[in-house]
$ cat entry_16.tsv   # TSV, C-alpha atoms
chain	number	residue	atom	x	y	z
A	1	MET	CA	261.61	36.60	-157.37
A	2	HIS	CA	262.62	38.47	-154.22
A	3	LEU	CA	259.56	38.87	-152.02
A	4	HIS	CA	259.24	41.64	-149.44
A	5	ASN	CA	255.51	41.40	-148.83
A	6	LEU	CA	253.45	38.28	-148.16
A	7	PHE	CA	250.59	39.55	-150.29
A	8	ALA	CA	252.65	40.49	-153.34
A	9	HIS	CA	252.83	38.36	-156.47
A	10	LEU	CA	249.74	36.28	-155.79
A	11	GLU	CA	249.07	35.55	-159.44
A	12	ALA	CA	248.52	31.85	-160.18
A	13	HIS	CA	250.77	31.06	-163.13
A	14	THR	CA	250.54	27.37	-163.57
A	15	GLY	CA	247.56	25.95	-161.75
A	16	GLN	CA	250.01	24.69	-159.14
A	17	GLU	CA	250.57	25.85	-155.63
A	18	GLN	CA	253.21	28.55	-155.44
A	19	LEU	CA	255.97	28.07	-152.86
A	20	ASP	CA	258.44	30.75	-151.79
A	21	THR	CA	261.11	30.15	-149.16
A	22	LEU	CA	261.42	33.29	-147.04
A	23	LEU	CA	264.01	32.08	-144.55
A	24	SER	CA	266.17	28.99	-144.48
A	25	ARG	CA	268.37	28.11	-141.50
A	26	PRO	CA	269.57	24.82	-140.01
A	27	GLY	CA	266.43	23.16	-138.63
A	28	LEU	CA	264.16	26.00	-139.69
A	29	LYS	CA	262.37	27.05	-142.86
A	30	ILE	CA	259.78	29.77	-143.32
A	31	GLU	CA	257.73	29.42	-146.47
A	32	ARG	CA	254.89	31.25	-148.13
A	33	ILE	CA	252.38	29.01	-149.86
A	34	VAL	CA	249.77	30.35	-152.25
A	35	SER	CA	246.90	28.01	-153.15
A	36	THR	CA	244.09	28.73	-155.58
A	37	GLY	CA	241.74	25.79	-155.32
A	38	GLN	CA	244.45	23.13	-154.93
A	39	ALA	CA	243.96	20.34	-152.44
A	40	SER	CA	245.82	17.19	-151.45
A	41	PRO	CA	245.17	14.29	-153.84
A	42	PRO	CA	242.48	11.87	-152.63
A	43	GLY	CA	243.92	9.48	-150.07
A	44	PHE	CA	247.15	11.47	-149.73
A	45	TRP	CA	248.34	12.37	-146.24
A	46	TYR	CA	251.20	14.63	-145.29
A	47	GLU	CA	253.36	12.94	-142.67
A	48	GLN	CA	256.37	15.12	-142.10
A	49	GLU	CA	259.57	14.59	-140.13
A	50	GLN	CA	259.49	18.21	-139.08
A	51	GLY	CA	256.95	20.12	-137.07
A	52	GLU	CA	254.98	22.74	-138.97
A	53	TRP	CA	253.47	25.86	-137.49
A	54	LEU	CA	250.96	27.05	-140.07
A	55	VAL	CA	248.84	30.17	-140.34
A	56	LEU	CA	246.31	31.06	-143.01
A	57	LEU	CA	246.53	34.77	-143.84
A	58	ALA	CA	244.10	35.20	-146.76
A	59	GLY	CA	241.48	33.07	-148.45
A	60	GLU	CA	239.95	29.99	-146.86
A	61	ALA	CA	240.79	26.30	-146.50
A	62	LYS	CA	239.67	23.07	-144.94
A	63	LEU	CA	242.37	21.08	-143.19
A	64	VAL	CA	241.85	17.48	-142.13
A	65	PHE	CA	243.72	15.66	-139.37
A	66	GLU	CA	243.52	11.89	-139.54
A	67	ASP	CA	242.66	11.63	-135.88
A	68	GLU	CA	239.84	14.17	-136.00
A	69	ALA	CA	236.27	13.46	-137.06
A	70	SER	CA	235.68	16.57	-139.15
A	71	PRO	CA	237.75	19.07	-141.13
A	72	ARG	CA	238.90	22.33	-139.60
A	73	ASP	CA	237.71	25.40	-141.41
A	74	LEU	CA	240.52	27.93	-141.53
A	75	LEU	CA	239.90	31.63	-142.01
A	76	PRO	CA	242.42	34.50	-142.09
A	77	GLY	CA	244.47	34.61	-138.91
A	78	ASP	CA	243.74	31.01	-137.91
A	79	PHE	CA	246.85	29.08	-136.99
A	80	VAL	CA	247.68	25.52	-136.03
A	81	ASP	CA	250.76	23.66	-134.87
A	82	ILE	CA	251.21	20.35	-136.67
A	83	PRO	CA	253.60	18.06	-134.77
A	84	PRO	CA	256.07	15.83	-136.60
A	85	LYS	CA	254.44	12.70	-138.06
A	86	CYS	CA	250.93	14.06	-137.56
A	87	ARG	CA	248.99	12.91	-140.61
A	88	HIS	CA	246.99	15.67	-142.23
A	89	ARG	CA	245.76	16.80	-145.62
A	90	VAL	CA	244.36	19.88	-147.28
A	91	GLU	CA	240.78	18.98	-148.15
A	92	TRP	CA	239.86	22.18	-149.92
A	93	THR	CA	241.08	25.69	-150.71
A	94	ASP	CA	238.96	28.46	-152.11
A	95	PRO	CA	239.09	28.27	-155.92
A	96	GLU	CA	238.00	31.89	-156.34
A	97	VAL	CA	240.72	33.73	-154.44
A	98	ALA	CA	244.34	33.23	-153.49
A	99	THR	CA	244.73	31.44	-150.19
A	100	VAL	CA	247.95	32.64	-148.56
A	101	TRP	CA	249.65	30.46	-145.93
A	102	LEU	CA	252.74	31.09	-143.88
A	103	ALA	CA	254.44	27.87	-142.76
A	104	VAL	CA	257.28	27.59	-140.24
A	105	TYR	CA	258.93	24.15	-140.45
A	106	TYR	CA	261.05	23.28	-137.44
A	107	GLU	CA	263.02	20.37	-136.03
B	1	MET	CA	244.39	33.18	-122.95
B	2	HIS	CA	244.66	30.47	-125.57
B	3	LEU	CA	244.88	32.09	-128.98
B	4	HIS	CA	243.76	30.35	-132.16
B	5	ASN	CA	243.59	33.38	-134.42
B	6	LEU	CA	246.23	36.10	-134.85
B	7	PHE	CA	243.59	38.80	-135.07
B	8	ALA	CA	241.62	37.78	-131.97
B	9	HIS	CA	241.88	39.60	-128.64
B	10	LEU	CA	243.43	42.78	-129.99
B	11	GLU	CA	242.11	44.99	-127.22
B	12	ALA	CA	244.74	47.19	-125.58
B	13	HIS	CA	244.38	46.65	-121.85
B	14	THR	CA	247.25	48.41	-120.25
B	15	GLY	CA	248.83	50.84	-122.65
B	16	GLN	CA	251.64	48.31	-123.03
B	17	GLU	CA	252.50	46.10	-125.94
B	18	GLN	CA	250.78	42.75	-125.74
B	19	LEU	CA	252.97	39.66	-126.21
B	20	ASP	CA	251.68	36.13	-126.78
B	21	THR	CA	253.97	33.16	-127.27
B	22	LEU	CA	252.43	30.91	-129.92
B	23	LEU	CA	255.16	28.29	-130.15
B	24	SER	CA	258.21	27.64	-128.01
B	25	ARG	CA	260.82	25.05	-128.94
B	26	PRO	CA	264.57	24.80	-128.32
B	27	GLY	CA	266.11	27.60	-130.37
B	28	LEU	CA	262.77	28.79	-131.71
B	29	LYS	CA	259.98	31.04	-130.50
B	30	ILE	CA	256.98	32.33	-132.41
B	31	GLU	CA	255.33	35.33	-130.84
B	32	ARG	CA	252.45	37.62	-131.61
B	33	ILE	CA	253.03	41.25	-130.71
B	34	VAL	CA	250.23	43.80	-130.63
B	35	SER	CA	251.24	47.45	-130.51
B	36	THR	CA	248.93	50.43	-130.27
B	37	GLY	CA	251.10	53.48	-130.58
B	38	GLN	CA	254.04	52.10	-128.57
B	39	ALA	CA	257.56	52.70	-129.79
B	40	SER	CA	261.05	52.00	-128.48
B	41	PRO	CA	262.20	54.57	-125.90
B	42	PRO	CA	264.39	57.36	-127.33
B	43	GLY	CA	267.95	56.15	-127.76
B	44	PHE	CA	267.02	52.51	-127.10
B	45	TRP	CA	268.21	49.90	-129.58
B	46	TYR	CA	267.28	46.25	-129.71
B	47	GLU	CA	270.42	44.14	-130.08
B	48	GLN	CA	269.38	40.52	-129.81
B	49	GLU	CA	271.39	37.31	-129.55
B	50	GLN	CA	268.83	35.56	-131.72
B	51	GLY	CA	267.78	36.25	-135.27
B	52	GLU	CA	264.26	37.58	-135.72
B	53	TRP	CA	262.09	37.09	-138.76
B	54	LEU	CA	259.35	39.69	-138.43
B	55	VAL	CA	256.19	40.36	-140.40
B	56	LEU	CA	253.64	43.12	-139.89
B	57	LEU	CA	250.11	41.77	-140.46
B	58	ALA	CA	247.87	44.71	-139.54
B	59	GLY	CA	248.35	48.38	-138.77
B	60	GLU	CA	251.47	50.31	-139.66
B	61	ALA	CA	254.94	50.89	-138.19
B	62	LYS	CA	258.27	52.54	-138.83
B	63	LEU	CA	261.31	50.40	-138.12
B	64	VAL	CA	264.79	51.89	-137.93
B	65	PHE	CA	268.04	50.04	-138.49
B	66	GLU	CA	271.11	51.75	-137.09
B	67	ASP	CA	273.01	51.24	-140.33
B	68	GLU	CA	270.30	52.67	-142.57
B	69	ALA	CA	269.74	56.36	-143.26
B	70	SER	CA	265.96	56.40	-143.03
B	71	PRO	CA	263.21	54.39	-141.32
B	72	ARG	CA	261.44	51.56	-143.11
B	73	ASP	CA	257.72	52.04	-143.41
B	74	LEU	CA	256.02	48.70	-142.82
B	75	LEU	CA	252.53	47.96	-144.08
B	76	PRO	CA	250.50	44.73	-143.79
B	77	GLY	CA	252.38	41.80	-145.30
B	78	ASP	CA	255.79	43.48	-145.17
B	79	PHE	CA	258.45	41.28	-143.63
B	80	VAL	CA	262.09	41.60	-142.70
B	81	ASP	CA	264.78	39.31	-141.38
B	82	ILE	CA	266.77	40.88	-138.55
B	83	PRO	CA	270.08	39.06	-138.02
B	84	PRO	CA	271.49	38.52	-134.52
B	85	LYS	CA	273.11	41.65	-133.07
B	86	CYS	CA	271.61	43.89	-135.73
B	87	ARG	CA	270.71	47.09	-133.91
B	88	HIS	CA	267.19	48.30	-134.61
B	89	ARG	CA	264.32	50.12	-132.96
B	90	VAL	CA	260.62	50.67	-133.48
B	91	GLU	CA	260.32	54.36	-134.29
B	92	TRP	CA	256.53	54.50	-134.48
B	93	THR	CA	253.39	52.40	-134.53
B	94	ASP	CA	249.96	53.63	-135.49
B	95	PRO	CA	248.24	54.96	-132.35
B	96	GLU	CA	244.77	54.62	-133.88
B	97	VAL	CA	244.65	50.91	-134.67
B	98	ALA	CA	246.20	47.69	-133.42
B	99	THR	CA	249.45	46.87	-135.17
B	100	VAL	CA	249.82	43.09	-135.28
B	101	TRP	CA	253.28	41.57	-135.69
B	102	LEU	CA	254.33	37.97	-135.99
B	103	ALA	CA	257.92	37.39	-134.86
B	104	VAL	CA	259.93	34.19	-135.31
B	105	TYR	CA	263.02	34.22	-133.06
B	106	TYR	CA	265.65	31.68	-134.05
B	107	GLU	CA	269.18	30.65	-133.11

$ encode --input "entry_16.tsv" --output "structure tokens"
Amino acid sequence: MHLHNLFAHLEAHTGQEQLDTLLSRPGLKIERIVSTGQASPPGFWYEQEQGEWLVLLAGEAKLVFEDEASPRDLLPGDFVDIPPKCRHRVEWTDPEVATVWLAVYYE
Amino acid sequence: MHLHNLFAHLEAHTGQEQLDTLLSRPGLKIERIVSTGQASPPGFWYEQEQGEWLVLLAGEAKLVFEDEASPRDLLPGDFVDIPPKCRHRVEWTDPEVATVWLAVYYE
């Protein structure tokens, strides 16, 4: 699939999150992520070598950082910079609509 | 101003485009641009040393590439990767609403 619009092809085919790489350069990747109810498995934490600048563009999600007491509720337009090694997980995404994320992974 | 949402603080203060740096790292900058009717001056072409991955998130714009016959009409969600040195200009942005861009400049 060759995407030209972030809100195109939102259909959930498999029950899995849908990942599309939009740009790939040394030390940089821009990815679209489409979630429809998926969340991180219980007890799972992302702990990435790269930094991740992340914006939610449609839908809704709850993002948890290990060092924060309560989840962050993300609505369209909300963005966050996740430093390398910062442990976080996706607690919840809206099961009723497509949640569209744009992630910029950087070194 | 400390932005947390791409669609916050869209007011046009000065008649100029509004630029907010959201992330700055060696070889990488993520910037929000808010236009309200601004366009590139006649005859002006951007010709940047860095690549620019650009997405329009609200509003509407016409982007011209020197090597293309007609402008590209950009609507919300439309994105484009502009390689280094690729001459381009903003022909038009909607004067009635805020046009919100997210630009990722990379080396």

$ interface_residues --input "entry_16.tsv" --of "chain A" --to "chain B" --cutoff "9 Å" --atoms "all atoms listed in the file" --output "PyMOL selection string"
chain A and resi 3-8+22-23+25+28+30+53+55+57+75-81+104+106-107

$ write_last_selection --input "entry_16.tsv" --atoms "C-alpha atoms" --output "compact mmCIF listing (two decimals), keeping the file's coordinate frame"
# COMPACT_ATOMS: atom_id res chain seq x y z
CA LEU A 3 259.56 38.87 -152.02
CA HIS A 4 259.24 41.64 -149.44
CA ASN A 5 255.51 41.40 -148.83
CA LEU A 6 253.45 38.28 -148.16
CA PHE A 7 250.59 39.55 -150.29
CA ALA A 8 252.65 40.49 -153.34
CA LEU A 22 261.42 33.29 -147.04
CA LEU A 23 264.01 32.08 -144.55
CA ARG A 25 268.37 28.11 -141.50
CA LEU A 28 264.16 26.00 -139.69
CA ILE A 30 259.78 29.77 -143.32
CA TRP A 53 253.47 25.86 -137.49
CA VAL A 55 248.84 30.17 -140.34
CA LEU A 57 246.53 34.77 -143.84
CA LEU A 75 239.90 31.63 -142.01
CA PRO A 76 242.42 34.50 -142.09
CA GLY A 77 244.47 34.61 -138.91
CA ASP A 78 243.74 31.01 -137.91
CA PHE A 79 246.85 29.08 -136.99
CA VAL A 80 247.68 25.52 -136.03
CA ASP A 81 250.76 23.66 -134.87
CA VAL A 104 257.28 27.59 -140.24
CA TYR A 106 261.05 23.28 -137.44
CA GLU A 107 263.02 20.37 -136.03

$ residues_around --input "entry_16.tsv" --residues "range 34-38 of chain B" --least-positions-apart "2" --cutoff "12 Å" --atoms "all atoms listed in the file" --output "count of residues only"
44

$ calpha_fit_and_write --input "entry_16.tsv" --fixed "chain A" --moving "chain B" --output "PDB file with C-alpha atoms, in the frame of the given file"
ATOM      1  CA  MET B   1     261.572  36.687-157.381  1.00  0.00           C
ATOM      2  CA  HIS B   2     262.598  38.465-154.207  1.00  0.00           C
ATOM      3  CA  LEU B   3     259.554  38.873-152.001  1.00  0.00           C
ATOM      4  CA  HIS B   4     259.230  41.648-149.435  1.00  0.00           C
ATOM      5  CA  ASN B   5     255.501  41.419-148.837  1.00  0.00           C
ATOM      6  CA  LEU B   6     253.453  38.274-148.156  1.00  0.00           C
ATOM      7  CA  PHE B   7     250.588  39.530-150.282  1.00  0.00           C
ATOM      8  CA  ALA B   8     252.657  40.480-153.340  1.00  0.00           C
ATOM      9  CA  HIS B   9     252.835  38.347-156.484  1.00  0.00           C
ATOM     10  CA  LEU B  10     249.742  36.276-155.793  1.00  0.00           C
ATOM     11  CA  GLU B  11     249.028  35.529-159.430  1.00  0.00           C
ATOM     12  CA  ALA B  12     248.457  31.850-160.194  1.00  0.00           C
ATOM     13  CA  HIS B  13     250.723  31.022-163.112  1.00  0.00           C
ATOM     14  CA  THR B  14     250.548  27.326-163.566  1.00  0.00           C
ATOM     15  CA  GLY B  15     247.567  25.901-161.763  1.00  0.00           C
ATOM     16  CA  GLN B  16     250.018  24.651-159.142  1.00  0.00           C
ATOM     17  CA  GLU B  17     250.580  25.837-155.625  1.00  0.00           C
ATOM     18  CA  GLN B  18     253.209  28.534-155.436  1.00  0.00           C
ATOM     19  CA  LEU B  19     255.978  28.060-152.852  1.00  0.00           C
ATOM     20  CA  ASP B  20     258.450  30.740-151.777  1.00  0.00           C
ATOM     21  CA  THR B  21     261.125  30.142-149.171  1.00  0.00           C
ATOM     22  CA  LEU B  22     261.424  33.282-147.048  1.00  0.00           C
ATOM     23  CA  LEU B  23     264.012  32.081-144.552  1.00  0.00           C
ATOM     24  CA  SER B  24     266.179  28.982-144.470  1.00  0.00           C
ATOM     25  CA  ARG B  25     268.368  28.123-141.494  1.00  0.00           C
ATOM     26  CA  PRO B  26     269.559  24.823-140.010  1.00  0.00           C
ATOM     27  CA  GLY B  27     266.434  23.161-138.637  1.00  0.00           C
ATOM     28  CA  LEU B  28     264.159  26.005-139.688  1.00  0.00           C
ATOM     29  CA  LYS B  29     262.366  27.049-142.852  1.00  0.00           C
ATOM     30  CA  ILE B  30     259.782  29.771-143.321  1.00  0.00           C
ATOM     31  CA  GLU B  31     257.738  29.427-146.466  1.00  0.00           C
ATOM     32  CA  ARG B  32     254.900  31.245-148.132  1.00  0.00           C
ATOM     33  CA  ILE B  33     252.384  29.008-149.858  1.00  0.00           C
ATOM     34  CA  VAL B  34     249.767  30.350-152.246  1.00  0.00           C
ATOM     35  CA  SER B  35     246.918  28.022-153.152  1.00  0.00           C
ATOM     36  CA  THR B  36     244.106  28.723-155.575  1.00  0.00           C
ATOM     37  CA  GLY B  37     241.755  25.803-155.343  1.00  0.00           C
ATOM     38  CA  GLN B  38     244.456  23.130-154.950  1.00  0.00           C
ATOM     39  CA  ALA B  39     243.962  20.355-152.442  1.00  0.00           C
ATOM     40  CA  SER B  40     245.833  17.203-151.468  1.00  0.00           C
ATOM     41  CA  PRO B  41     245.158  14.293-153.847  1.00  0.00           C
ATOM     42  CA  PRO B  42     242.469  11.861-152.631  1.00  0.00           C
ATOM     43  CA  GLY B  43     243.910   9.476-150.070  1.00  0.00           C
ATOM     44  CA  PHE B  44     247.157  11.452-149.742  1.00  0.00           C
ATOM     45  CA  TRP B  45     248.332  12.361-146.253  1.00  0.00           C
ATOM     46  CA  TYR B  46     251.190  14.625-145.300  1.00  0.00           C
ATOM     47  CA  GLU B  47     253.349  12.927-142.672  1.00  0.00           C
ATOM     48  CA  GLN B  48     256.363  15.128-142.100  1.00  0.00           C
ATOM     49  CA  GLU B  49     259.568  14.591-140.137  1.00  0.00           C
ATOM     50  CA  GLN B  50     259.504  18.226-139.084  1.00  0.00           C
ATOM     51  CA  GLY B  51     256.950  20.123-137.069  1.00  0.00           C
ATOM     52  CA  GLU B  52     254.972  22.744-138.961  1.00  0.00           C
ATOM     53  CA  TRP B  53     253.474  25.869-137.483  1.00  0.00           C
ATOM     54  CA  LEU B  54     250.952  27.051-140.056  1.00  0.00           C
ATOM     55  CA  VAL B  55     248.833  30.173-140.334  1.00  0.00           C
ATOM     56  CA  LEU B  56     246.300  31.066-143.011  1.00  0.00           C
ATOM     57  CA  LEU B  57     246.528  34.789-143.846  1.00  0.00           C
ATOM     58  CA  ALA B  58     244.103  35.202-146.754  1.00  0.00           C
ATOM     59  CA  GLY B  59     241.470  33.080-148.444  1.00  0.00           C
ATOM     60  CA  GLU B  60     239.945  30.003-146.875  1.00  0.00           C
ATOM     61  CA  ALA B  61     240.809  26.309-146.499  1.00  0.00           C
ATOM     62  CA  LYS B  62     239.684  23.074-144.921  1.00  0.00           C
ATOM     63  CA  LEU B  63     242.393  21.083-143.182  1.00  0.00           C
ATOM     64  CA  VAL B  64     241.847  17.485-142.123  1.00  0.00           C
ATOM     65  CA  PHE B  65     243.709  15.660-139.385  1.00  0.00           C
ATOM     66  CA  GLU B  66     243.511  11.887-139.562  1.00  0.00           C
ATOM     67  CA  ASP B  67     242.654  11.646-135.878  1.00  0.00           C
ATOM     68  CA  GLU B  68     239.837  14.187-135.993  1.00  0.00           C
ATOM     69  CA  ALA B  69     236.268  13.464-137.063  1.00  0.00           C
ATOM     70  CA  SER B  70     235.677  16.565-139.155  1.00  0.00           C
ATOM     71  CA  PRO B  71     237.747  19.065-141.153  1.00  0.00           C
ATOM     72  CA  ARG B  72     238.929  22.317-139.612  1.00  0.00           C
ATOM     73  CA  ASP B  73     237.710  25.386-141.416  1.00  0.00           C
ATOM     74  CA  LEU B  74     240.530  27.921-141.527  1.00  0.00           C
ATOM     75  CA  LEU B  75     239.903  31.620-142.020  1.00  0.00           C
ATOM     76  CA  PRO B  76     242.420  34.499-142.101  1.00  0.00           C
ATOM     77  CA  GLY B  77     244.476  34.600-138.913  1.00  0.00           C
ATOM     78  CA  ASP B  78     243.727  31.008-137.911  1.00  0.00           C
ATOM     79  CA  PHE B  79     246.835  29.063-136.993  1.00  0.00           C
ATOM     80  CA  VAL B  80     247.679  25.521-136.014  1.00  0.00           C
ATOM     81  CA  ASP B  81     250.759  23.666-134.875  1.00  0.00           C
ATOM     82  CA  ILE B  82     251.205  20.346-136.668  1.00  0.00           C
ATOM     83  CA  PRO B  83     253.601  18.066-134.767  1.00  0.00           C
ATOM     84  CA  PRO B  84     256.066  15.823-136.617  1.00  0.00           C
ATOM     85  CA  LYS B  85     254.433  12.703-138.074  1.00  0.00           C
ATOM     86  CA  CYS B  86     250.935  14.053-137.544  1.00  0.00           C
ATOM     87  CA  ARG B  87     248.981  12.906-140.581  1.00  0.00           C
ATOM     88  CA  HIS B  88     246.979  15.664-142.233  1.00  0.00           C
ATOM     89  CA  ARG B  89     245.756  16.786-145.627  1.00  0.00           C
ATOM     90  CA  VAL B  90     244.371  19.890-147.273  1.00  0.00           C
ATOM     91  CA  GLU B  91     240.788  18.990-148.119  1.00  0.00           C
ATOM     92  CA  TRP B  92     239.900  22.212-149.921  1.00  0.00           C
ATOM     93  CA  THR B  93     241.093  25.711-150.699  1.00  0.00           C
ATOM     94  CA  ASP B  94     238.960  28.478-152.109  1.00  0.00           C
ATOM     95  CA  PRO B  95     239.105  28.282-155.921  1.00  0.00           C
ATOM     96  CA  GLU B  96     238.007  31.904-156.336  1.00  0.00           C
ATOM     97  CA  VAL B  97     240.729  33.744-154.436  1.00  0.00           C
ATOM     98  CA  ALA B  98     244.357  33.243-153.479  1.00  0.00           C
ATOM     99  CA  THR B  99     244.751  31.443-150.177  1.00  0.00           C
ATOM    100  CA  VAL B 100     247.960  32.651-148.540  1.00  0.00           C
ATOM    101  CA  TRP B 101     249.657  30.465-145.934  1.00  0.00           C
ATOM    102  CA  LEU B 102     252.739  31.095-143.872  1.00  0.00           C
ATOM    103  CA  ALA B 103     254.437  27.876-142.749  1.00  0.00           C
ATOM    104  CA  VAL B 104     257.276  27.590-140.232  1.00  0.00           C
ATOM    105  CA  TYR B 105     258.931  24.152-140.462  1.00  0.00           C
ATOM    106  CA  TYR B 106     261.051  23.277-137.447  1.00  0.00           C
ATOM    107  CA  GLU B 107     263.023  20.354-136.043  1.00  0.00           C
TER     108      GLU B 107
END

$ residues_around --input "entry_16.tsv" --residues "Val64 in chain B" --least-positions-apart "4" --cutoff "9 Å" --atoms "all atoms listed in the file" --output "ChimeraX atom specification"
/B:68-73,87-91

$ atom_distance --input "entry_16.tsv" --atom1 "CA of Ile33 in chain B" --atom2 "CA of Glu66 in chain B"
21.9 Å

$ residues_around --input "entry_16.tsv" --residues "Glu49 in chain B" --least-positions-apart "3" --cutoff "10 Å" --atoms "only C-alpha atoms" --output "list in words"
Tyr46, Glu52, Pro83, Pro84, Lys85, Cys86, Tyr105, Tyr106 and Glu107 of chain B

$ build_atoms --input "entry_16.tsv" --residues "range 16-23 of chain A" --atoms "all heavy atoms" --output "CSV table (one decimal), in the coordinates of the input"
chain,number,residue,atom,x,y,z
A,16,GLN,N,249.4,25.4,-160.3
A,16,GLN,CA,250.0,24.7,-159.1
A,16,GLN,C,250.1,25.6,-158.0
A,16,GLN,O,250.1,26.8,-158.1
A,16,GLN,CB,251.4,24.2,-159.5
A,16,GLN,CG,251.4,23.3,-160.7
A,16,GLN,CD,252.5,22.3,-160.6
A,16,GLN,OE1,253.6,22.6,-160.2
A,16,GLN,NE2,252.3,21.1,-161.1
A,17,GLU,N,250.3,25.0,-156.8
A,17,GLU,CA,250.6,25.8,-155.6
A,17,GLU,C,251.9,26.5,-155.8
A,17,GLU,O,252.8,26.0,-156.5
A,17,GLU,CB,250.6,25.0,-154.4
A,17,GLU,CG,249.3,24.6,-153.8
A,17,GLU,CD,249.3,24.0,-152.5
A,17,GLU,OE1,250.3,23.3,-152.2
A,17,GLU,OE2,248.4,24.2,-151.7
A,18,GLN,N,252.0,27.7,-155.3
A,18,GLN,CA,253.2,28.6,-155.4
A,18,GLN,C,253.9,28.6,-154.1
A,18,GLN,O,253.3,28.9,-153.1
A,18,GLN,CB,252.8,29.9,-155.9
A,18,GLN,CG,253.8,31.0,-156.1
A,18,GLN,CD,253.2,32.3,-156.4
A,18,GLN,OE1,252.1,32.4,-157.0
A,18,GLN,NE2,253.8,33.4,-155.9
A,19,LEU,N,255.2,28.2,-154.1
A,19,LEU,CA,256.0,28.1,-152.9
A,19,LEU,C,257.1,29.0,-152.9
A,19,LEU,O,257.9,29.1,-153.9
A,19,LEU,CB,256.5,26.6,-152.7
A,19,LEU,CG,255.5,25.5,-152.7
A,19,LEU,CD1,256.2,24.2,-152.6
A,19,LEU,CD2,254.4,25.7,-151.7
A,20,ASP,N,257.3,29.8,-151.9
A,20,ASP,CA,258.4,30.8,-151.8
A,20,ASP,C,259.1,30.6,-150.4
A,20,ASP,O,258.5,30.8,-149.4
A,20,ASP,CB,258.0,32.2,-151.9
A,20,ASP,CG,257.5,32.5,-153.4
A,20,ASP,OD1,258.3,32.6,-154.3
A,20,ASP,OD2,256.3,32.6,-153.5
A,21,THR,N,260.4,30.2,-150.4
A,21,THR,CA,261.1,30.2,-149.2
A,21,THR,C,261.5,31.5,-148.7
A,21,THR,O,262.2,32.3,-149.5
A,21,THR,CB,262.4,29.3,-149.3
A,21,THR,OG1,261.9,27.9,-149.7
A,21,THR,CG2,263.1,29.2,-148.0
A,22,LEU,N,261.1,31.9,-147.5
A,22,LEU,CA,261.4,33.3,-147.0
A,22,LEU,C,262.6,33.3,-146.1
A,22,LEU,O,263.3,34.3,-146.0
A,22,LEU,CB,260.2,33.8,-146.3
A,22,LEU,CG,258.9,33.8,-147.1
A,22,LEU,CD1,257.7,34.4,-146.3
A,22,LEU,CD2,259.0,34.5,-148.5
A,23,LEU,N,262.8,32.2,-145.4
A,23,LEU,CA,264.0,32.1,-144.6
A,23,LEU,C,264.4,30.6,-144.5
A,23,LEU,O,263.5,29.8,-144.4
A,23,LEU,CB,263.7,32.6,-143.1
A,23,LEU,CG,264.9,32.6,-142.2
A,23,LEU,CD1,265.7,33.9,-142.4
A,23,LEU,CD2,264.4,32.7,-140.7
